[in-house]
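Scroll down for the structure; my scribbles are underneath it.
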Number of protein chains: 8
Amino acid sequence: MTLTIYLSGEIHTDWREQITTGAQGLDVHFTGPVTDHAASDDCGVAIMGDEPNKFWHDNKGAKLNAIRTRHGIEMADIVVVRFGEKYKQWNAAFDAGYAAALGKSLIVMHGDDHQHALKEVDAAALAVVTEPQQVVDILTYVLNGTLPS
Amino acid sequence: MTLTIYLSGEIHTDWREQITTGAQGLDVHFTGPVTDHAASDDCGVAIMGDEPNKFWHDNKGAKLNAIRTRHGIEMADIVVVRFGEKYKQWNAAFDAGYAAALGKSLIVMHGDDHQHALKEVDAAALAVVTEPQQVVDILTYVLNGTLPS
Amino acid sequence: MTLTIYLSGEIHTDWREQITTGAQGLDVHFTGPVTDHAASDDCGVAIMGDEPNKFWHDNKGAKLNAIRTRHGIEMADIVVVRFGEKYKQWNAAFDAGYAAALGKSLIVMHGDDHQHALKEVDAAALAVVTEPQQVVDILTYVLNGTLPS
Amino acid sequence: MTLTIYLSGEIHTDWREQITTGAQGLDVHFTGPVTDHAASDDCGVAIMGDEPNKFWHDNKGAKLNAIRTRHGIEMADIVVVRFGEKYKQWNAAFDAGYAAALGKSLIVMHGDDHQHALKEVDAAALAVVTEPQQVVDILTYVLNGTLPS
Amino acid sequence: MTLTIYLSGEIHTDWREQITTGAQGLDVHFTGPVTDHAASDDCGVAIMGDEPNKFWHDNKGAKLNAIRTRHGIEMADIVVVRFGEKYKQWNAAFDAGYAAALGKSLIVMHGDDHQHALKEVDAAALAVVTEPQQVVDILTYVLNGTLPS
Amino acid sequence: MTLTIYLSGEIHTDWREQITTGAQGLDVHFTGPVTDHAASDDCGVAIMGDEPNKFWHDNKGAKLNAIRTRHGIEMADIVVVRFGEKYKQWNAAFDAGYAAALGKSLIVMHGDDHQHALKEVDAAALAVVTEPQQVVDILTYVLNGTLPS
Amino acid sequence: MTLTIYLSGEIHTDWREQITTGAQGLDVHFTGPVTDHAASDDCGVAIMGDEPNKFWHDNKGAKLNAIRTRHGIEMADIVVVRFGEKYKQWNAAFDAGYAAALGKSLIVMHGDDHQHALKEVDAAALAVVTEPQQVVDILTYVLNGTLPS
Amino acid sequence: MTLTIYLSGEIHTDWREQITTGAQGLDVHFTGPVTDHAASDDCGVAIMGDEPNKFWHDNKGAKLNAIRTRHGIEMADIVVVRFGEKYKQWNAAFDAGYAAALGKSLIVMHGDDHQHALKEVDAAALAVVTEPQQVVDILTYVLNGTLPS
């Protein structure tokens with residue numbers, strides 16, 4: 001049993017690396033969005049030409065990113081969505097809703113201060129955690145049946 | 001052709017009433033979440049018993065609300081999601097993602113200041129507007145083929 | 001918004017009547033299995049001929065009942081499954097799994113003594129209750145947004 | 001043709017090992033739930049923190065196990081569900097209903113004493129057996145077209 | 001609960017009328033193919049122009065009939081397929097396979113002499129009967145829970 | 001049996017009216033795109049604001065029209081696509097592909113001069129005709145089983 | 001591009017071998033039913049115990065075979081169904097209907113004498129042929145774009 | 001992450017080779033229709049026998065090609081559709097509609113002169129480009145997150 005896990009959400013800390021490193025040795029395959037913020041913002045106009053209007057600048061880029069993110073979520077067995085301390089992060093919540101509607105197993109990661117605001121997202125999840133290590137522990141348990149000692 | 005429209009998102013202004021009133025005479029049916037904030041927050045414990053832990057208090061309520069919101073979105077032909085000026089509104093973005101994954105026609109409503117943060121949500125929409133009257137105009141056009149004069 | 005609710009499970013108490021009566025005035029439509037125990041057990045052979053082997057006697061009947069139960073669950077917006085005090089009630093758990101796989105909103109009703117044994121079923125539910133009145137309260141809230149006073 | 005087979009249900013005897021051993025040499029891949037009873041019961045709180053209330057203790061664990069069990073059933077070509085002599089085993093019946101709704105080929109294994117109580121589950125199955133060797137025989141026949149001599 | 005029932009297969013006896021008449025008073029809606037044999041054979045060329053080649057003559061007609069038969073099967077809750085004494089009746093078996101793949105509740109009607117040849121079709125059915133009255137009895141039981149006296 | 005028929009394609013002749021008039025008395029419901037060419041071209045900017053770039057002017061409008069056309073096709077039992085004498089009509093072919101992928105019964109109408117160029121579209125259809133009256137004849141036959149005299 | 005092809009139908013001639021041999025060198029994978037007639041008829045009782053009633057004898061076997069045939073059809077890209085000269089072959093027509101409902105590419109093989117009786121099955125096919133070599137030619141063309149010289 | 005990309009549309013220039021060559025080193029797999037025009041036109045009659053009527057000549061061929069094109073589109077993660085300068089190219093628009101209905105990520109390539117006529121197709125796309133190199137750039141970005149320098 002190989003699990004494919006899409007890592008969605010916050011791109012400003014090294015949580016993806018913590019999970020990837022912690023999960024070495026497990027039969028897992030990680031995917032996720034482009035995490036280069038500048039490239040992600042400008043990809044549309046860089047490839048398909050400038051737009052004077054910021055809305056269409058962003059629209060071109062967001063659609064290009066959607067090719068990757070939708071494919072990643074649709075191919076995933078598990079979708080992990082992390083909400084960081086800052087920013088609106090509506091794309092993270094959008095991904096969570098998208099994953100939920102597709103029946104994906106959803107793991108949500110966030111600090112306690114966001115608990116009330118994320119209650120609808122948490123209610124769609126099979127696990128709610130605060131730390132990357134907990135995701136590693138979950139993957140270890142789901143694959144091997146062993147718990148952290 | 002009757003259209004069923006789910007009105008998701010912000011619950012602190014009268015935008016739903018503006019749309020409902022403006023759409024009188026059209027062959028439309030509107031649905032939406034419970035907009036009584038206190039009832040929505042406490043419904044779980046009010047019916048199924050108190051929880052000392054805020055997480056489970058909210059979890060019970062959010063799941064109960066999910067019975068209504070998921071049904072509403074799944075039955076809808078069009079899902080309108082409005083992002084207001086304040087709050088995190090992650091449930092609105094979650095609904096937008098849920099609707100997008102189900103292939104619903106999505107209309108997003110928000111002010112210009114949220115444009116960049118909502119670019120992924122807007123990119124999944126068939127229309128992005130700022131005012132309730134524009135939703136009325138869209139419904140009028142979609143149903144009758146007539147434009148505002 | 002009309003809700004169709006399938007009432008699955010225990011057939012030896014009047015819980016269905018309590019819900020149906022309590023929900024008068026709500027925009028709901030109730031369905032459920034045949035609750036005449038003798039007819040349910042013997043329907044197959046009564047219509048399609050006797051079987052000397054009890055397995056096929058039951059098989060013929062169970063398949064006939066499946067015409068009704070699967071249709072009921074597939075048409076339902078909400079599936080309520082009640083586990084009574086006695087008997088194995090594997091058909092109730094089967095219905096719950098069937099409903100969960102179809103993405104139906106699931107409400108499970110049972111006493112506290114069954115809590116541990118039903119944890120997997122409860123984990124798939126949007127609400128877990130002990131009394132019929134709570135189902136009425138949930139339907140009232142989901143449809144009208146009002147809580148019991 | 002490789003067949004993936006999910007082995008659901010009873011975890012107190014060595015029936016899974018009998019099937020796995022008997023099927024050596026066949027082009028099959030077996031999956032199943034975590035069968036370490038203690039780990040399965042406590043996985044939720046071990047990874048995500050203690051719960052004073054037994055319901056939430058179990059709820060956290062059951063949802064974590066659902067990541068594995070739903071993935072296993074959804075990926076399977078055949079789902080084998082065994083009902084043992086003891087316990088309620090509602091999760092086994094839930095898995096059978098879940099598999100049936102997804103259109104999986106279902107094989108049910110149980111003793112004669114459970115025949116009447118399992119009639120609805122058996123009626124959804126393509127095979128009903130009593131012994132692990134019969135599952136091996138079925139897999140051999142389905143893959144190679146040969147019958148036990 | 002209204003049931004829609006598609007009556008497929010043999011068109012040379014009055015079995016459809018027997019069922020329709022017998023089911024008067026039940027909450028049922030019957031559909032079926034065009035049973036005018038000559039019209040059914042020639043509809044394609046009558047509307048879209050003659051074909052010198054019999055294959056295309058039949059092809060045009062069969063596709064036109066498919067508009068009706070596929071719609072009927074897809075809209076049905078129950079598909080009844082009757083195999084008569086004569087002819088190849090491959091279209092009846094095709095309809096049964098089509099209905100089975102869509103997860104429809106299948107009732108097969110045929111005489112004992114066809115039992116072995118129809119074993120695969122029967123194995124996909126929830127009921128196998130020989131007489132139209134049995135279909136009426138099944139519909140009565142499924143809808144009302146009452147058995148023939 | 002009521003049939004819902006989406007009339008896609010050419011908007012410069014009165015073929016829709018011919019079909020609608022000819023089908024009076026049949027149990028049919030017709031839908032279709034907005035056929036006011038000017039409104040269809042400008043709907044996006046009229047409601048959501050001007051665009052200096054023709055691409056986005058058209059993009060806004062085409063997405064708004066998609067709310068109606070996709071809903072119409074998805075709700076339809078039969079999709080009729082007419083290709084006229086002039087223009088590229090790629091939207092008609094797009095609608096045909098969209099309908100085919102959804103498994104809709106497809107009727108294509110065009111003159112003989114377009115036969116070779118439309119061979120892939122015709123190959124996905126259940127009927128290929130040249131005149132509106134033939135569509136009326138098909139609907140009459142599909143619903144009533146009667147052929148033109 | 002690898003194509004998986006299910007070879008359904010007649011089991012009394014060597015048509016499967018002709019296709020398999022002819023397709024050597026192509027990127028194809030063939031599946032099909034158990035073609036050992038005796039094993040296929042008796043598999044159910046051989047593994048799960050004798051049945052005095054022929055109906056249940058056949059029912060047990062047909063369900064066991066369904067594990068293989070449904071899996072084969074569901075995994076296939078192309079389903080080839082051959083109708084031989086003799087027997088009712090209702091299982092072949094059932095397989096064709098099953099494949100058609102799943103949207104599989106269907107190739108039907110039969111002699112001219114069966115043309116009229118198979119018109120509904122042929123009308124659901126993308127190719128109708130008479131000889132195994134034509135299936136090889138089709139696979140060669142579909143994979144490599146080359147035609148027989 | 002491997003991406004499978006179906007290259008649909010115009011067959012008279014070397015745009016497929018430009019993309020395939022440019023994408024060397026990327027984890028991609030390209031598919032597409034048969035691009036030998038003569039073989040594509042005549043494949044049906046070459047394998048299944050001559051037809052005096054051009055409609056059926058083309059119909060036989062178009063259905064054979066559909067085995068390859070539908071499989072290609074259904075297996076694809078991304079569908080690229082190119083509209084060239086000449087010809088009706090209704091099959092390209094049909095493929096675009098087919099891909100859109102299946103929820104595939106759609107990239108449309110065409111010159112500015114076709115912009116208005118293709119507005120409905122473009123509106124269903126996640127990217128609209130004019131040059132093959134832009135498709136290479138998009139694939140590079142989607143897979144590696146790097147932009148052209």
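In the structure tokens, chains take letters A, B, ... by order of appearance, with residues numbered from 1 within each chain and ligands from 1 in the order shown.
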Find the residues around G:Gly32 up to 8 Å (only C-alpha atoms counted), leave out those fewer than 4 positions away in its own chain, and share them as a list in words.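 Everything that qualifies: Tyr6, Leu7, Ser8, Thr69 and Gly72 of chain G.
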What are the residues of chain E lining chain D at 10 Å or less? Count only C-alpha atoms, and put the answer as a ChimeraX atom specification. /E:101,103,123-124,126
Pairwise distance for atom CA of B:Tyr87 and atom CA of A:Leu64, rounded to one decimal in Å: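 Atom CA of A:Leu64 lies 28.4 Å from atom CA of B:Tyr87.
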Which parts of chain G does DSSP call alpha helix (DSSP H) when run on the backbone here, written out as a PyMOL selection string? chain G and resi 15-22+37-48+54-75+90-101+119-123+132-144
Taking only stretch 48-87 of chain B into account, list the residues labelled strand (DSSP E or B) by DSSP (computed from the backbone), as number ranges by chain. B: 78-82
Contacts of B:Lys88 within 10 Å, only C-alpha atoms, excl. fewer than 3 positions in-chain, as number ranges by chain: A: 87-90, 114, 117-118; B: 83-85, 91-93
Write to file, as a tab-separated table (two decimals), in the first residue's frame, the residues of the selection just made, with N, CA, C and O atoms.
chain	number	residue	atom	x	y	z
A	87	TYR	N	-1.93	35.80	7.11
A	87	TYR	CA	-2.58	35.86	5.80
A	87	TYR	C	-3.98	35.24	5.81
A	87	TYR	O	-4.37	34.54	6.74
A	88	LYS	N	-4.69	35.51	4.75
A	88	LYS	CA	-6.07	35.04	4.62
A	88	LYS	C	-6.13	33.53	4.34
A	88	LYS	O	-7.01	32.83	4.80
A	89	GLN	N	-5.21	33.06	3.51
A	89	GLN	CA	-5.12	31.62	3.22
A	89	GLN	C	-6.43	31.02	2.73
A	89	GLN	O	-6.78	29.89	3.09
A	90	TRP	N	-7.14	31.79	1.89
A	90	TRP	CA	-8.40	31.27	1.37
A	90	TRP	C	-8.18	30.12	0.40
A	90	TRP	O	-9.04	29.27	0.23
A	114	HIS	N	-6.74	29.50	15.83
A	114	HIS	CA	-7.61	29.45	14.65
A	114	HIS	C	-8.75	28.45	14.82
A	114	HIS	O	-9.51	28.21	13.88
A	117	ALA	N	-12.48	29.64	14.07
A	117	ALA	CA	-12.67	30.09	12.68
A	117	ALA	C	-12.59	28.93	11.69
A	117	ALA	O	-13.10	29.02	10.58
A	118	LEU	N	-11.92	27.87	12.09
A	118	LEU	CA	-11.75	26.73	11.18
A	118	LEU	C	-12.69	25.56	11.51
A	118	LEU	O	-12.49	24.44	11.04
B	83	PHE	N	-17.63	37.11	0.12
B	83	PHE	CA	-16.63	37.39	1.15
B	83	PHE	C	-16.81	38.83	1.59
B	83	PHE	O	-16.75	39.75	0.78
B	84	GLY	N	-17.09	39.01	2.90
B	84	GLY	CA	-17.29	40.35	3.44
B	84	GLY	C	-15.97	41.02	3.79
B	84	GLY	O	-14.88	40.50	3.49
B	85	GLU	N	-16.07	42.14	4.47
B	85	GLU	CA	-14.86	42.92	4.78
B	85	GLU	C	-14.07	42.30	5.93
B	85	GLU	O	-12.87	42.48	6.03
B	91	ASN	N	-14.90	29.23	6.07
B	91	ASN	CA	-16.02	28.39	5.65
B	91	ASN	C	-16.54	28.80	4.27
B	91	ASN	O	-16.98	27.96	3.49
B	92	ALA	N	-16.49	30.10	3.96
B	92	ALA	CA	-16.91	30.54	2.62
B	92	ALA	C	-15.98	29.96	1.56
B	92	ALA	O	-16.43	29.46	0.53
B	93	ALA	N	-14.68	30.03	1.80
B	93	ALA	CA	-13.73	29.49	0.83
B	93	ALA	C	-13.84	27.97	0.73
B	93	ALA	O	-13.68	27.39	-0.36
To one decimal place in Å, what is the distance between atom CA of H:Thr13 and atom CA of H:Ile78? 20.7 Å
As a PyMOL selection string, please: the residues near F:Glu131 (cut-off 8 Å, only C-alpha atoms, same-chain neighbours under 4 positions excluded). chain F and resi 109-110+135
Which residues are close to E:Ala66, i.e. within 9 Å by only C-alpha atoms, leaving aside same-chain residues fewer than 4 positions away? Reply as a ChimeraX atom specification. /E:33,61-62,70-71 /F:105,126 /G:120,123-124
Residues from the last selection, C-alpha atoms, saved as an mmCIF file, in the first residue's frame:
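This is the output file selection11.cif:
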data_model
loop_
_atom_site.group_PDB
_atom_site.id
_atom_site.type_symbol
_atom_site.label_atom_id
_atom_site.label_comp_id
_atom_site.auth_asym_id
_atom_site.auth_seq_id
_atom_site.Cartn_x
_atom_site.Cartn_y
_atom_site.Cartn_z
ATOM 1 C CA PRO E 33 -39.693 0.378 -25.408
ATOM 2 C CA GLY E 61 -33.505 2.262 -36.345
ATOM 3 C CA ALA E 62 -31.694 0.728 -33.386
ATOM 4 C CA ARG E 70 -31.566 4.212 -22.547
ATOM 5 C CA HIS E 71 -33.589 7.081 -21.168
ATOM 6 C CA SER F 105 -28.542 11.248 -26.571
ATOM 7 C CA LEU F 126 -27.824 8.619 -32.286
ATOM 8 C CA GLU G 120 -29.352 -3.185 -30.792
ATOM 9 C CA ALA G 123 -25.766 -0.055 -32.566
ATOM 10 C CA ALA G 124 -23.886 0.343 -29.274
#
